[in-house]
Structures are given as C-alpha cells and as structure tokens.
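Visitor: Just dropping this structure here.
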Amino acid sequence: MNRKLIIWILIVVMAPHSFAQSLVDYIDPYIGTAKGGNVFIGATLPFGMVKLGPDCNSNMASSGYDERNNSIINGFSHIHVSGAGGGPKYGNILVQPFAGNISANDYGSSFSNELPKAGCYKVHLNRYNIDVCLTTTPSVGLHTYTFPQLNRAGILIDAGHFLVSRHPTEKQVLVGSAVKIVSPVAIEGYSRVRGGWSINGAYTVYFYALFNTPAESSGVWQHDAIQGGKLVAEGPQSCGAWFYFKTKKDQVIKVKVGISYISSEKAKENMEREMPQWEFDKAVLDARKLWEERLKNIEITCKTDSLKKMFYTALYHSMLMPVNKTGENSKWNSPAPYYDDFYAIWDTYRCMNPLLALIGGNVQQDIVNSLVDIYKYEGYMPDARSGDDNGRTQGGSNCDILIADAFVKGLKGIDYETALKAMIKNAEVPPGDNEQKEGRGGIPDYNSIGYVSLNYERAGTRTMEYAADDYAIALVAKGLHKDDLYQKYLRRSANWRNLWRPLQDHGANGFIWPRERDGTWLEKFTVLQDGSWHDPFYESHSWEMSFYVPQDIGGLIKMCGGETAFRNRLDTFFVKDYYNVNNEPGFLTPVLYNWIGRPDLTEQRVCSIIRKNYNTTRSGLPGNDDSGAMSSWLVFHLLGFFPVAGQDLYTISSPHFSKAILHLGNGKTLVLTAKHVTDKNIFIQSAKLNGQSIDRSWFRHTEIANGGTLEFEMGNQPGDWATTSGYPVAENNK
C-alpha cells in the first residue's frame with residue numbers, strides 16, 4: 001500500500017480527540033451499498049453537481065457501485081445519482097489509470113484497500129498496482145494516482161462511457177461523444193446521452209481536464225479503434241483518449257476535471273475558479289468542513305456510536321440530491337436557482353424535503369424556486385427530472401405538496417402566486433400524449449367523474465395522490481385569500497372516497513378499488529395485487545394505498561368503521577406483513593395509531609421497524625434509498641417525530657436520543673430531550689412543549705418555528721399520555 005495512503009488512514013483512525021469527535025467521522029458511505037440501497041459511495045459535496053466515484057463491472061446499480069467484493073472497477077466517472085431504483089442514469093466522463101498497452105474496452109481492475117469517506121474516496125487497483133484518491137468541489141473532480149515504477153504508466157479518459165441497463169425501456173443510449181487533446185497536459189470534450197430511467201431527452205456533459213505532469217505521448221480512439229498520434233475524435237460512437245507517462249516508484253500524477261452542462265469552456269472556468277491549486281489534502285479538508293457544517297444542523301447526545309453512525313450517515317444521504325446546478329442550466333438563462341436530478345419527488349416529498357424545510361437553511365427555498373422557474377420556462381413543474389428534462393411522473397403531481405409544505409411553514413422569498421398557477425396547471429391541463437413525463441395523466445376523468453378510471457394506467461394510485469395534491473392546492477389558495485379556489489380543491493381532495501368499495505378482507509371493511517368509467521368495479525382484482533407503470537396501483541396494493549389519506553385521516557378512520565376497527569386494521573396490516581418498509585406509500589402508516597389515541601402502538605411499530613431494517617452494515621437500508629427518502633425517514637424517527645408533508649403538522653413517534661439540538665433554517669433552535677431513554681424505554685410517559693405540559697401526540701410547525709423545546713419522560717411500559725386528545729380536524733372534514 002502507498003505510504004501516503006497509510007499516513008492518511010492513520011490520521012483518520014488515530015486522530016486527536018477533538019478531530020475524532022467531528023460529526024463527519026460518523027458518516028459511513030458503505031451503509032446502503034448492498035441489498036439494493038444503491039447509494040453513491042464516492043466523493044461529493046452537499047447537493048454537489050459532481051459525484052466522482054467508481055463504476056463497477058456490472059454497471060447495473062444506478063449509483064455505478066456494485067457491492068460484491070469481487071467486482072471490477074472500470075474507472076471513475078463524474079456524474080451519478082444516489083439511491084435510485086429503476087434503470088441507471090449517468091456515469092459520464094470516466095477516468096482510469098492503467099499500466100501497459102492501451103485498450104478501449106478492457107481496462108477494468110479488481111480492487112482492494114477501499115476507503116470511502118465524506119468528501120473523499122480511496123482505493124487500490126490490483127491489476128495495475130495503482131493507488132487512487134478522489135475528492136471534489138461542486139463542479140470539479142480531483143484525482144491523484146500513485147504509480148509504481150513504469151515505462152508505460154497511463155491515464156485514459158472515456159468520453160463515451162455511461163451506465164448501462166438491461167431494462168429495454170430504461171436504458172441509456174449514446175448520442176455522441178468527443179475528445180480533443182489540447183496539449184500534453186490538457187484535454188477537453190463531451191458526452192451526449194439520452195434515456196435512462198427517466199426516458200427523457202438527451203443531455204450533454206462537457207469536460208476540461210488538466211494534468212500536473214506532461215504526458216510523453218498520447219492518442220485517441222473512436223469506436224474501440226485505437227488511433228495513435230491523432231489529437232481529436234468525435235462522432236456518434238464512443239470516443240476516448242489516453243496519455244502515457246514514465247513514472248518512478250510512488251510517483252503521484254494528479255488530474256483535475258472540470259464539468260459543465262454548458263460547454264467545455266465553462267468546464268474550464270469552473271475548474272480554474274473552484275480548484276486553482278493542486279492541493280488534494282486541502283480539498284479534502286474543505287469538503288469535510290462543508291459536510292461538518294451541514295451535519296451540525298442537528299447535534300445529538302447518544303451513548304451508542306452505532307446509532308450515531310446510522311443517524312449521521314442518514315443525514316448525509318439526505319443531502320446528496322437533488323443537485324444544485326445553478327449557473328449550469330443548459331436550456332435558459334434565469335436569475336433563479338436551478339436544481340436538477342429530482343429522482344423523484346414522489347419519493348422525497350414525504351420526509352426528505354420537509355427535513356430540508358426544517359433544518360436546510362435556504363436549500364428548500366431554492367429548490368421550490370427552481371421548481372417554479374422550471375414551470376415558467378417549460379410549462380410544468382416536474383415530479384422527476386434529470387439531465388435538464390422532466391420525466392417520469394409515478395403517481396401524483398407531488399411538487400404541489402412541496403409548494404404547500406413551504407407555504408404553511410413560512411419559507412420566504414418564494415413567488416407563491418406563480419407557484420399556485422403552476423399547481424393549478426397540474427390539476428387542470430392534461431399533459432398530452434406522454435402522461436409519464438409531467439402533470440397529471442387521466443385528469444379528464446378525475447375532474448369530471450371524480451376518479452381516474454381504468455381507461456388510464458395507475459388509476460387507483462393516481463386518484464389517491466391527486467386527492468392529496470388537491471388538498472395542497474386548497475391550503476395555498478386559502479392562505480392567498482382565494483376562497484373560490486380553496487373551496488373547489490377542498491372538495492376535490494375528498495375524491496378518494498369515490499374509489500372506496502365496501503367489501504371485507506381479513507376483518508377490514510372497505511378498500512380502494514379501481515373502477516371503469518361507467519362506475520363498475522374492476523373484476524378479477526385482489527386487495528394485495530401489486531403493480532407498476534401499467535397497473536391500477538403503482539408500487540403498491542390496495543391494503544397499503546387504502547391508508548393513504550394524509551389530508552383526512554379522521555375521515556378515513558370513520559370510513560373504516562371507527563377507532564377500534566381502524567386499530568384492528570392497522571394491526572392486521574403489520575402482523576400479516578402487508579407493510580412494505582422499503583417503499584414510500586407506507587411511510588406515514590406506522591404513526592397512524594396516534595390518531596386513535598394509541599401512541600404506544602406507534603412507538604412499538606416504529607422502533608421495531610428501525611431495529612429490523614436499519615443498521616450500520618452495507619445492508620443497513622431497507623432497499624433503494626431513493627434520493628435520501630429512506631434515510632430521512634430514519635432521521636425523523638430517531639429524533640422522535642415525523643412530518644405530515646404539506647401540512648403544518650408533525651406527529652410524535654419515539655425519541656432515540658437523550659438530547660438533540662436542531663438548528664432551524666431561520667437561525668432559531670429546537671431542543672429535544674428524552675429523560676431515561678434506553679433501548680427498552682421507548683414509551684413516552686409525559687411531554688412538555690415549550691415548557692408547557694401537553695397531552696397530545698402532535699405539534700404544529702408554528703409552535704416550534706421560532707425555536708423552542710420539546711421534553712419527553714420515557715419508560716419501559718405504555719402510560720396514559722396522549723390517549724384521549726385526538727388530532728386537529730382536517731379542513732375538508734369540518
């Protein structure tokens with residue numbers, strides 16, 4: 001192993017006490033790399049555009065990383081997503097050191113001594129005996145390669161590389177690529193690719209790379225054909241270039257790669273502005289400082305290092321996406337912030353975006369402003385977006401809930417009048433032939449007969465989500481004193497009832513059931529029938545979706561037959577394992593016991609879910625992290641409360657820390673304390689909000705927006721706290 005790498009490991013492991021206590025040291029990028037978690041393992045910054053990391057031989061994971069120990073690293077590309085399911089996206093502008101003869105399609109290597117850290121990634125390539133160290137700024141990747149003594153030490157840049165998928169409808173397709181060797185130390189080019197999970201238009205990633213050591217020779221390839229002596233390659237096929245060096249033992253060659261979605265000249269500007277020097281250690285320290293600042297938004301007191309590692313890694317994962325591409329919008333010029341890689345809001349609106357609204361400073365404000373700006377220039381806000389193009393809409397127009405969440409929580413500097421117009425556009429104007437791209441597919445039915453009929457795909461899911469989205473529109477309209485709009489969308493938010501069929505299953509009465517346009521119920525359908533894009537329920541089934549009425553949980557309880565029937569229904573849902581921990585439609589379900597005065601059952605369910613499904617191993621996430629969705633669910637529940645997205649409401653679960661200090665986005669502080677909390681003491685005995693005793697398992701954002709305190713007394717048996725008080729009555733049930 002290289003001496004510098006050994007020293008760096010010793011610094012991390014044997015650091016002084018103050019350094020070892022840095023919150024950033026609790027981040028473990030391995031958590032969630034297995035079991036389909038698909039988290040990004042390489043180097044990046046909070047919401048950073050450049051995500052520089054390894055692309056493994058299988059190329060099937062959306063993050064580029066294969067958790068298998070015997071994987072092959074093909075190289076290190078600069079653009080990735082984190083935690084996404086479906087077909088891969090990106091994997092652009094790949095750099096790989098090598099030794100010996102150049103090959104355009106066989107340059108991968110087995111690896112060892114891998115060491116991922118926040119803002120830094122290190123690994124040894126066994127095939128070439130080369131040590132690799134990576135770090136980033138927002139738009140630039142810095143590579144350091146430590147070579148053995150070689151006459152033909154090489155570095156290649158594959159401009160045509162991208163992550164591949166075996167799924168026929170979700171694969172990326174190369175449109176074209178180019179490289180131009182500018183000098184013995186510089187190269188520029190681009191990669192243009194279309195498709196991927198989002199099935200959207202082509203995107204172009206430009207680069208400008210600079211070496212700190214002049215190459216002795218170089219050349220290009222095109223479509224696997226080596227073209228020594230040439231300086232330029234461009235075309236619809238994969239293009240790349242290589243540089244040869246004569247190295248001494250342990251010689252370090254560094255490469256800076258600027259990235260842009262505008263031009264190679266802009267990529268060069270990014271590189272010169274963000275990383276004018278070659279100081280790798282300083283860049284790593286700067287990255288650590290940025291992550292430390294973000295993590296310090298929540299300071300916890302906890303005796304268990306493993307729990308701290310779970311918490312701060314989850315908080316880290318919650319700030320990898322979307323990507324801040326302000327100044328890199330390839331389609332229009334605007335003074336507004338620009339974010340891309342919403343992958344997807346269907347996943348993140350439930351808790352990741354509310355987390356940013358709570359502790360993210362201006363980030364969530366900028367995200368919402370970006371959504372509104374996209375509407376101004378492209379006609380629709382996205383539900384998902386990547387490569388500067390909208391697509392795909394999985395259920396509802398869930399950007400509506402992000403707007404409402406920001407509005408009811410008082411985020412400033414947002415043009416809510418225009419945002420409301422964007423929401424109404426979603427609700428009223430059919431999106432055209434491609435209903436998976438944006439807007440609401442099936443709204444001609446929804447707006448005329450009160451539900452999405454089976455003439456359209458995902459009819460059940462869409463009806464349920466559109467009703468919740470309409471409630472979001474109603475809240476914003478009410479706040480802007482537009483009473484007619486408020487009343488209209490408040491009525492529509494009850495449309496979920498139009499799919500409620502009064503039949504029984506396992507003692508539960510009434511289920512969401514797909515209907516034909518003439519009102520007849522779908523035959524040959526079951527309440528556990530799961531589905532995908534072309535089915536009545538998207539990534540869910542009726543047992544699960546029949547709980548999804550966040551806008552009127554009180555009304556849902558009545559439809560189910562009252563509190564006792566609702567409790568039995570919830571018990572059946574969990575005991576029969578109908579609950580799917582790794583999918584977003586059920587995110588709110590474990591806390592629904594609170595609405596019937598049984599917070600003890602919420603506490604039991606939430607703690608059991610965490611213990612069974614979250615840990616500090618590579619399999620420490622229960623499935624795709626979905627851009628931080630799974631991780632932010634954990635962040636909230638470890639703190640002891642959970643948001644009802646789009647509403648001024650948090651519901652209390654079970655705190656896991658004796659103390660947590662939340663630095664809110666407005667500079668105020670919320671302090672949570674839990675006396676006597678242990679692994680066994682999971683039940684809240686009493687609570688105080690801002691010094692006053694409360695006998696309710698909820699609080700409003702307005703009660704803590706300007707700072708405050710929330711104190712819990714914990715015990716190992718259920719008490720009588722919050723057993724009778726109920727919840728605020730929903731607007732549409734008053």
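Residues in the structure tokens are numbered from 1 in each chain, the chains being A, B, ... in the order shown, and ligands are numbered from 1 in the order shown.
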Per residue of stretch 627-705 of chain A within 7 Å of stretch 594-603 of chain A, note the shortest atom pair and the distance in Å to one decimal, counting only C-alpha atoms, and order the rows by chain and increasing residue number, as CSV.
Guide:
residue,atom,partner,partner_atom,distance
A:Ser653,CA,A:Glu603,CA,5.4
A:Ser654,CA,A:Glu603,CA,5.2
A:Ile682,CA,A:Glu603,CA,6.6
A:Phe683,CA,A:Asp600,CA,6.1
A:Ser697,CA,A:Asn594,CA,6.4
Visitor: Output all heavy atoms for every residue in that selection, as an mmCIF file, in the first residue's frame.
Guide:
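In the end it all went to result26.cif:
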data_model
loop_
_atom_site.group_PDB
_atom_site.id
_atom_site.type_symbol
_atom_site.label_atom_id
_atom_site.label_comp_id
_atom_site.auth_asym_id
_atom_site.auth_seq_id
_atom_site.Cartn_x
_atom_site.Cartn_y
_atom_site.Cartn_z
ATOM 1 N N SER A 653 -43.367 10.177 17.454
ATOM 2 C CA SER A 653 -43.172 8.725 17.495
ATOM 3 C C SER A 653 -42.418 8.353 18.776
ATOM 4 O O SER A 653 -43.007 8.389 19.852
ATOM 5 C CB SER A 653 -42.451 8.237 16.236
ATOM 6 O OG SER A 653 -41.263 8.956 15.988
ATOM 7 N N SER A 654 -41.133 8.027 18.687
ATOM 8 C CA SER A 654 -40.384 7.622 19.882
ATOM 9 C C SER A 654 -38.949 8.119 19.771
ATOM 10 O O SER A 654 -38.195 7.654 18.906
ATOM 11 C CB SER A 654 -40.397 6.096 20.038
ATOM 12 O OG SER A 654 -39.699 5.698 21.206
ATOM 13 N N ILE A 682 -38.915 2.925 25.510
ATOM 14 C CA ILE A 682 -39.337 3.514 24.226
ATOM 15 C C ILE A 682 -40.686 4.205 24.329
ATOM 16 O O ILE A 682 -41.135 4.820 23.346
ATOM 17 C CB ILE A 682 -39.405 2.433 23.136
ATOM 18 C CG1 ILE A 682 -40.492 1.407 23.453
ATOM 19 C CG2 ILE A 682 -38.048 1.761 22.942
ATOM 20 C CD1 ILE A 682 -40.783 0.435 22.310
ATOM 21 N N PHE A 683 -41.346 4.139 25.499
ATOM 22 C CA PHE A 683 -42.697 4.664 25.636
ATOM 23 C C PHE A 683 -42.675 6.031 26.305
ATOM 24 O O PHE A 683 -42.075 6.209 27.377
ATOM 25 C CB PHE A 683 -43.569 3.708 26.447
ATOM 26 C CG PHE A 683 -43.734 2.354 25.809
ATOM 27 C CD1 PHE A 683 -43.028 1.263 26.289
ATOM 28 C CD2 PHE A 683 -44.575 2.181 24.722
ATOM 29 C CE1 PHE A 683 -43.175 0.013 25.711
ATOM 30 C CE2 PHE A 683 -44.729 0.933 24.131
ATOM 31 C CZ PHE A 683 -44.027 -0.149 24.620
ATOM 32 N N SER A 697 -50.175 13.838 20.898
ATOM 33 C CA SER A 697 -49.028 13.235 20.211
ATOM 34 C C SER A 697 -48.717 13.971 18.910
ATOM 35 O O SER A 697 -48.302 13.361 17.931
ATOM 36 C CB SER A 697 -49.301 11.757 19.918
ATOM 37 O OG SER A 697 -50.468 11.613 19.130
#
Visitor: Can you list, as a PyMOL selection string, every protein, DNA or RNA residue that comes within 9 Å of A:Ser686 when you count only C-alpha atoms, leaving out same-chain residues fewer than 3 positions away?
Guide: chain A and resi 693-695+711-714+719-722
Visitor: Neighbours of stretch 288-297 of chain A within 6 Å (only C-alpha atoms; same-chain residues fewer than 4 positions away dropped), as a list in words?
Guide: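 With the cut-off at 6 Å, the set is Val24, Leu662 and His663 of chain A.
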Visitor: Please write the residues from the selection above to a file, keeping N, CA, C and O atoms, as a PDB file, in the first residue's frame.
Guide:
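So the final result, stored in again.pdb, reads:
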ATOM      1  N   VAL A  24     -18.559  14.502  10.989  1.00  0.00           N
ATOM      2  CA  VAL A  24     -18.323  13.924   9.670  1.00  0.00           C
ATOM      3  C   VAL A  24     -17.691  12.535   9.770  1.00  0.00           C
ATOM      4  O   VAL A  24     -17.839  11.712   8.864  1.00  0.00           O
ATOM      5  N   LEU A 662     -31.698  20.974  17.198  1.00  0.00           N
ATOM      6  CA  LEU A 662     -31.939  21.231  15.786  1.00  0.00           C
ATOM      7  C   LEU A 662     -31.777  22.721  15.523  1.00  0.00           C
ATOM      8  O   LEU A 662     -32.487  23.545  16.111  1.00  0.00           O
ATOM      9  N   HIS A 663     -30.826  23.052  14.657  1.00  0.00           N
ATOM     10  CA  HIS A 663     -30.625  24.439  14.253  1.00  0.00           C
ATOM     11  C   HIS A 663     -31.506  24.680  13.033  1.00  0.00           C
ATOM     12  O   HIS A 663     -31.218  24.208  11.932  1.00  0.00           O
TER      13      HIS A 663
END
Visitor: Give me, as a list in words, all polymer residues having an atom no more than 9 Å from A:Asp389, counting only C-alpha atoms and skipping those fewer than 3 positions away in the same chain.
Guide: Ser198, Asn200, Gly201, Ala202, Tyr203, Asp340, Pro382, Ala384, Arg385 and Ser386 of chain A
Visitor: For A:Val527, please output as a list in words all residues within 7 Å (counting only C-alpha atoms; exclusion window: fewer than 6 positions along the same chain).
Guide: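 Everything that qualifies: His541, Ser542 and Trp543 of chain A.
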Visitor: Restrict the selected residues to N, CA, C and O atoms and save them as an mmCIF file, in the first residue's frame.
Guide:
data_model
loop_
_atom_site.group_PDB
_atom_site.id
_atom_site.type_symbol
_atom_site.label_atom_id
_atom_site.label_comp_id
_atom_site.auth_asym_id
_atom_site.auth_seq_id
_atom_site.Cartn_x
_atom_site.Cartn_y
_atom_site.Cartn_z
ATOM 1 N N HIS A 541 -50.342 -1.727 -3.276
ATOM 2 C CA HIS A 541 -51.566 -2.517 -3.418
ATOM 3 C C HIS A 541 -52.641 -1.857 -2.569
ATOM 4 O O HIS A 541 -52.380 -0.897 -1.829
ATOM 5 N N SER A 542 -53.842 -2.362 -2.674
ATOM 6 C CA SER A 542 -54.962 -1.683 -2.034
ATOM 7 C C SER A 542 -54.873 -1.699 -0.509
ATOM 8 O O SER A 542 -55.288 -0.740 0.149
ATOM 9 N N TRP A 543 -54.339 -2.767 0.066
ATOM 10 C CA TRP A 543 -54.190 -2.771 1.520
ATOM 11 C C TRP A 543 -53.324 -1.586 1.955
ATOM 12 O O TRP A 543 -53.602 -0.950 2.976
#
Visitor: Can you tell me which residues surround A:Pro116 at a distance of at most 8 Å, considering only C-alpha atoms, apart from same-chain residues fewer than 2 positions away, and format the answer as a PyMOL selection string?
Guide: chain A and resi 28-30+41-43+114+118+120-122
Visitor: For the residues in the current selection, export all heavy atoms as a short mmCIF file (atom, residue, chain, number, x, y, z; two decimals), in the first residue's frame.
Guide:
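Result file follows (out_26.cif):
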data_model
loop_
_atom_site.label_atom_id
_atom_site.label_comp_id
_atom_site.auth_asym_id
_atom_site.auth_seq_id
_atom_site.Cartn_x
_atom_site.Cartn_y
_atom_site.Cartn_z
N ASP A 28 -20.65 6.84 7.26
CA ASP A 28 -20.13 5.61 6.68
C ASP A 28 -20.77 5.41 5.31
O ASP A 28 -21.90 4.92 5.21
CB ASP A 28 -20.42 4.41 7.57
CG ASP A 28 -19.80 3.12 7.04
OD1 ASP A 28 -19.25 3.13 5.92
OD2 ASP A 28 -19.86 2.09 7.76
N PRO A 29 -20.08 5.79 4.22
CA PRO A 29 -20.68 5.67 2.89
C PRO A 29 -21.00 4.25 2.47
O PRO A 29 -21.72 4.06 1.47
CB PRO A 29 -19.60 6.28 1.97
CG PRO A 29 -18.82 7.20 2.85
CD PRO A 29 -18.79 6.51 4.19
N TYR A 30 -20.48 3.24 3.19
CA TYR A 30 -20.82 1.86 2.85
C TYR A 30 -22.27 1.52 3.17
O TYR A 30 -22.86 0.63 2.57
CB TYR A 30 -19.92 0.89 3.62
CG TYR A 30 -18.58 0.63 2.99
CD1 TYR A 30 -17.41 0.74 3.73
CD2 TYR A 30 -18.47 0.25 1.66
CE1 TYR A 30 -16.17 0.49 3.17
CE2 TYR A 30 -17.24 0.00 1.08
CZ TYR A 30 -16.08 0.11 1.85
OH TYR A 30 -14.86 -0.14 1.28
N ILE A 41 -21.22 6.01 -3.36
CA ILE A 41 -20.15 5.76 -2.39
C ILE A 41 -18.96 6.69 -2.56
O ILE A 41 -18.09 6.77 -1.70
CB ILE A 41 -19.67 4.29 -2.50
CG1 ILE A 41 -18.86 3.88 -1.25
CG2 ILE A 41 -18.87 4.07 -3.78
CD1 ILE A 41 -18.50 2.42 -1.21
N GLY A 42 -18.91 7.44 -3.65
CA GLY A 42 -17.73 8.24 -3.95
C GLY A 42 -17.71 9.58 -3.27
O GLY A 42 -18.36 9.81 -2.25
N ALA A 43 -16.93 10.52 -3.84
CA ALA A 43 -16.70 11.84 -3.25
C ALA A 43 -17.67 12.85 -3.84
O ALA A 43 -17.85 12.92 -5.06
CB ALA A 43 -15.26 12.27 -3.50
N GLU A 114 -10.14 -0.43 -0.10
CA GLU A 114 -11.10 0.65 -0.37
C GLU A 114 -11.39 1.41 0.91
O GLU A 114 -11.58 0.83 1.97
CB GLU A 114 -12.39 0.05 -0.93
CG GLU A 114 -13.38 1.07 -1.44
CD GLU A 114 -14.62 0.41 -2.01
OE1 GLU A 114 -15.10 -0.58 -1.41
OE2 GLU A 114 -15.10 0.86 -3.06
N ALA A 118 -16.60 10.84 3.72
CA ALA A 118 -17.32 12.00 3.22
C ALA A 118 -16.34 12.93 2.53
O ALA A 118 -15.36 13.38 3.12
CB ALA A 118 -18.03 12.73 4.36
N CYS A 120 -14.25 12.21 0.16
CA CYS A 120 -13.01 11.59 -0.29
C CYS A 120 -13.24 10.09 -0.51
O CYS A 120 -13.97 9.44 0.24
CB CYS A 120 -11.90 11.79 0.73
SG CYS A 120 -10.30 11.11 0.27
N TYR A 121 -12.61 9.56 -1.56
CA TYR A 121 -12.70 8.12 -1.85
C TYR A 121 -11.31 7.63 -2.22
O TYR A 121 -10.63 8.23 -3.06
CB TYR A 121 -13.68 7.86 -2.99
CG TYR A 121 -13.74 6.41 -3.42
CD1 TYR A 121 -14.59 5.52 -2.79
CD2 TYR A 121 -12.93 5.94 -4.46
CE1 TYR A 121 -14.64 4.18 -3.18
CE2 TYR A 121 -12.99 4.61 -4.86
CZ TYR A 121 -13.84 3.74 -4.20
OH TYR A 121 -13.89 2.42 -4.59
N LYS A 122 -10.88 6.51 -1.61
CA LYS A 122 -9.55 5.94 -1.88
C LYS A 122 -9.67 4.44 -2.12
O LYS A 122 -10.49 3.76 -1.49
CB LYS A 122 -8.61 6.23 -0.71
CG LYS A 122 -8.49 7.72 -0.41
CD LYS A 122 -7.29 8.06 0.44
CE LYS A 122 -7.18 9.57 0.59
NZ LYS A 122 -5.91 10.00 1.17
#
Visitor: Name the closest residue to A:Pro514 among the candidates A:Leu490, A:Val476, A:Val677, A:Val452; distances are taken between atoms, counting only C-alpha atoms.
Guide: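 Checking each candidate against A:Pro514, we get A:Val452 as the closest.
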Visitor: Using only C-alpha atoms, find the one residue out of A:Thr136, A:Ser318, A:Ser627, A:Gln227 that sits nearest to A:Gly360.
Guide: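 Of the candidates, the smallest distance to A:Gly360 is held by A:Ser318.
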Visitor: Excluding same-chain residues fewer than 4 positions from stretch 427-438 of chain A, what lies within 7 Å of it counting only C-alpha atoms, as a list in words?
Guide: Tyr380, Pro382, Asp383, Asn390, Gly391, Arg392, Thr393, Gln394, Met423 and Ile443 of chain A
Visitor: Residues of stretch 72-184 of chain A classed as strand (DSSP E) by DSSP on the backbone are to be reported as a ChimeraX atom specification.
Guide: /A:72-77,94-99,109-117,120-125,130-136,140-147,150-158,172-183
Visitor: Of the candidates A:Ala344, A:Thr461, A:Tyr375, A:Gly395, which shows the shortest atom-to-atom distance to A:Ala419, using only C-alpha atoms?
Guide: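 Smallest distance to A:Ala419 is found for A:Tyr375.
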Visitor: Go through A:Trp496, A:Trp197, A:Phe311, A:Phe642 and flag the residue nearest A:Gly620, using only C-alpha atoms for the distances.
Guide: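 So, comparing all the options, the nearest one is A:Phe311.
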Visitor: Atom CA of A:Leu210 to atom CA of A:Tyr65: how many Å, to one decimal?
Guide: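 Atom-to-atom, atom CA of A:Leu210 and atom CA of A:Tyr65 are spaced 25.8 Å apart.
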Visitor: Which one is closest to A:Tyr343: A:Asn369, A:Thr463, A:Asn57, A:Ser62? Count only C-alpha atoms.
Guide: A:Ser62
Visitor: What gap, in Å, lies between atom CA of A:Ser330 and atom CA of A:Asn362?
Guide: 23.2 Å
